[in-house]
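Trainee: First the structure, then my questions, so here it is.
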Amino acid sequence: MKSVASSLLSRLANVAGLIATPLTPAHYLGLLRPLAANHTARVEAVSRETEDVTTLTLRPGRGWQRHQAGQHVRVALAIDGRLAARMYSISSSPDRTDGSITITVKAQGRVSKALCSSEPGSYLTLGVPEGDFVLPTSQRVLFVTGGSGITPVMSMLRTYAARGTMPDVVHLHFARSADDVIFASDLFDLAAQPTYRSILVTDRRRFTPALLTSLVPDWERREAMACGPASLLEAAAFTNPRVERFAATLVAPSDASGGHVRFGTSRVSAISDGRTPLLRIAEGAGIHAPHGCRMGICHTCDATLTKGCVRDLRTGDRLQAGARIQICVCAAAGDVELAL
């Protein structure tokens, strides 16, 4: 009875969220037959990995596009009557035969905490699989992961194991403590693979060339792939790795200056310091701007710049009036107006 009630409440919450956002025919279909629309997924199971990390098993609707190991997906759910979304790596292998996928979520933000509180039988909204952080082509691989950065790599490792194609892999994983190692039992099982070696660093040692050389003497002859906190990715840059980031690296120049920001459609104005992304300016002004990843990947937050100039905080490039801009990674460079 509890699961039926939670499913019904989830459906009603999704209805509220959809009323608050533009509707398409697929949305109406999804309300009537949730798994008939490929943008909807049912939560099949919820399991705890660590104290603050949860894995959700999701069954996507008919027409789901099979992902590649290592890719991520946009996940949305209704919170307080509005759809909120974030990007999450798929932690399962695309070779699963039950039609389900898994995402593994750390409860550290509003959307992530809501997802970790999901119950079996509830429904979520999915985008399509995205990203090029996928299986390497080399037969000698170095994975460097930290914290929840292990999730896309676990999809790859599970895929290798399922196909019986595990190359020569050294996996160096950093966690705050042994209790914080996500997928600890899976890593233990993978150790049975003769060509897979896992090295867990749980004593707060930092990633350095000296540490890597001591743990993986042949690292220079391996294809490196890294995913984790920005500090780890910066430290691992000398290995020239393929990288998956969970947050954009935004840098404003020292001479950045903002101005007045007018949101034309909403008829609201605010002040920018030239360093803060326009998405945060909009939210601070009470505008519920569409958004997803908050790091310049999904383009959900795109808006037209009708007046002025903005700076892309990832690249430093300036964009002029008439451009479609990603407000999660752009800041005002003087007075601007957005069609938002």
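By convention in this document, the chains of the structure tokens carry letters A, B, ... by their order, each chain's residues are numbered from 1, and ligands are numbered from 1 in the order they are shown.
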Need the shell around range 295-308 of chain A: protein/DNA/RNA residues with any atom at most 8 Å away, counting only C-alpha atoms. Skip same-chain ones fewer than 3 positions apart. Format as a PyMOL selection string?

Mentor: chain A and resi 74+246-248+279+289-292+320-329+333-340

Trainee: Using only C-alpha atoms, find each residue in range 198-268 of chain A having at least one atom no more than 10 Å away from range 124-136 of chain A; report its shortest atom-to-atom pair and that distance in Å (one decimal), rows by chain then rising number, as a tab-separated table.

Mentor:
residue	atom	partner	partner_atom	distance
A:Glu223	CA	A:Pro136	CA	7.6
A:Ala224	CA	A:Pro136	CA	9.0
A:Met225	CA	A:Pro136	CA	8.3
A:Ala226	CA	A:Phe133	CA	9.4
A:Cys227	CA	A:Phe133	CA	9.4
A:Arg242	CA	A:Phe133	CA	7.2
A:Val243	CA	A:Phe133	CA	7.1
A:Glu244	CA	A:Phe133	CA	6.2
A:Arg245	CA	A:Phe133	CA	9.7

Trainee: Take the residues that were just selected and, keeping N, CA and C atoms, output them as a CSV table (one decimal), in the first residue's frame.

Mentor:
chain,number,residue,atom,x,y,z
A,223,GLU,N,47.0,4.8,-21.1
A,223,GLU,CA,46.0,5.9,-21.4
A,223,GLU,C,45.3,6.3,-20.1
A,224,ALA,N,45.4,7.5,-19.7
A,224,ALA,CA,44.9,8.0,-18.5
A,224,ALA,C,43.5,8.6,-18.7
A,225,MET,N,42.6,8.3,-17.7
A,225,MET,CA,41.2,8.9,-17.7
A,225,MET,C,40.9,9.2,-16.3
A,226,ALA,N,40.4,10.4,-16.0
A,226,ALA,CA,40.2,10.9,-14.7
A,226,ALA,C,38.9,11.5,-14.5
A,227,CYS,N,38.3,11.3,-13.3
A,227,CYS,CA,37.0,11.9,-13.0
A,227,CYS,C,36.9,12.1,-11.5
A,242,ARG,N,42.1,12.0,-20.3
A,242,ARG,CA,40.7,12.4,-20.7
A,242,ARG,C,39.9,12.6,-19.4
A,243,VAL,N,39.2,13.7,-19.4
A,243,VAL,CA,38.6,14.1,-18.1
A,243,VAL,C,37.1,14.2,-18.2
A,244,GLU,N,36.4,13.8,-17.2
A,244,GLU,CA,35.0,14.1,-17.0
A,244,GLU,C,34.8,14.9,-15.7
A,245,ARG,N,34.2,16.1,-15.9
A,245,ARG,CA,34.0,17.0,-14.8
A,245,ARG,C,32.6,17.0,-14.3

Trainee: Enumerate, as a count of residues only, the complete set of residues in range 6-205 of chain A that a backbone-based DSSP assignment places in alpha helix (DSSP H).

Mentor: 50

Trainee: What is the distance, in Å and to one decimal place, between CA of Val310 in chain A and CA of Gly274 in chain A?

Mentor: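 Atom-to-atom, CA of Val310 in chain A and CA of Gly274 in chain A are spaced 8.6 Å apart.
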
Trainee: Please measure the separation of CA of Arg62 in chain A and CA of Ile90 in chain A, giving the value in Å to one decimal.

Mentor: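 So the two atoms, CA of Arg62 in chain A and CA of Ile90 in chain A, lie 18.0 Å apart.
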
Trainee: I want to know what sits within 9 Å of Leu200 in chain A, based on only C-alpha atoms, with residues of the same chain fewer than 3 positions away left out; could you give that as a CSV table (one decimal) with N, CA, C and O atoms, in the first residue's frame?

Mentor:
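Final output, result23.csv:
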chain,number,residue,atom,x,y,z
A,171,HIS,N,43.4,1.0,-11.5
A,171,HIS,CA,42.4,2.0,-11.0
A,171,HIS,C,42.8,2.6,-9.7
A,171,HIS,O,42.8,1.9,-8.7
A,172,LEU,N,43.2,3.8,-9.7
A,172,LEU,CA,43.6,4.6,-8.5
A,172,LEU,C,42.4,5.4,-8.0
A,172,LEU,O,42.0,6.4,-8.7
A,173,HIS,N,41.9,5.1,-6.9
A,173,HIS,CA,40.7,5.8,-6.4
A,173,HIS,C,40.9,6.4,-5.0
A,173,HIS,O,41.5,5.8,-4.1
A,174,PHE,N,40.5,7.7,-4.9
A,174,PHE,CA,40.7,8.4,-3.7
A,174,PHE,C,39.4,8.6,-3.0
A,174,PHE,O,38.4,9.0,-3.6
A,175,ALA,N,39.4,8.4,-1.7
A,175,ALA,CA,38.2,8.6,-0.8
A,175,ALA,C,38.6,9.1,0.5
A,175,ALA,O,39.7,8.9,1.0
A,178,ALA,N,37.8,4.6,4.4
A,178,ALA,CA,37.3,3.3,3.8
A,178,ALA,C,35.8,3.3,3.8
A,178,ALA,O,35.2,2.6,2.9
A,181,VAL,N,34.2,4.7,0.5
A,181,VAL,CA,34.5,4.1,-0.8
A,181,VAL,C,33.2,3.7,-1.5
A,181,VAL,O,32.5,2.7,-1.0
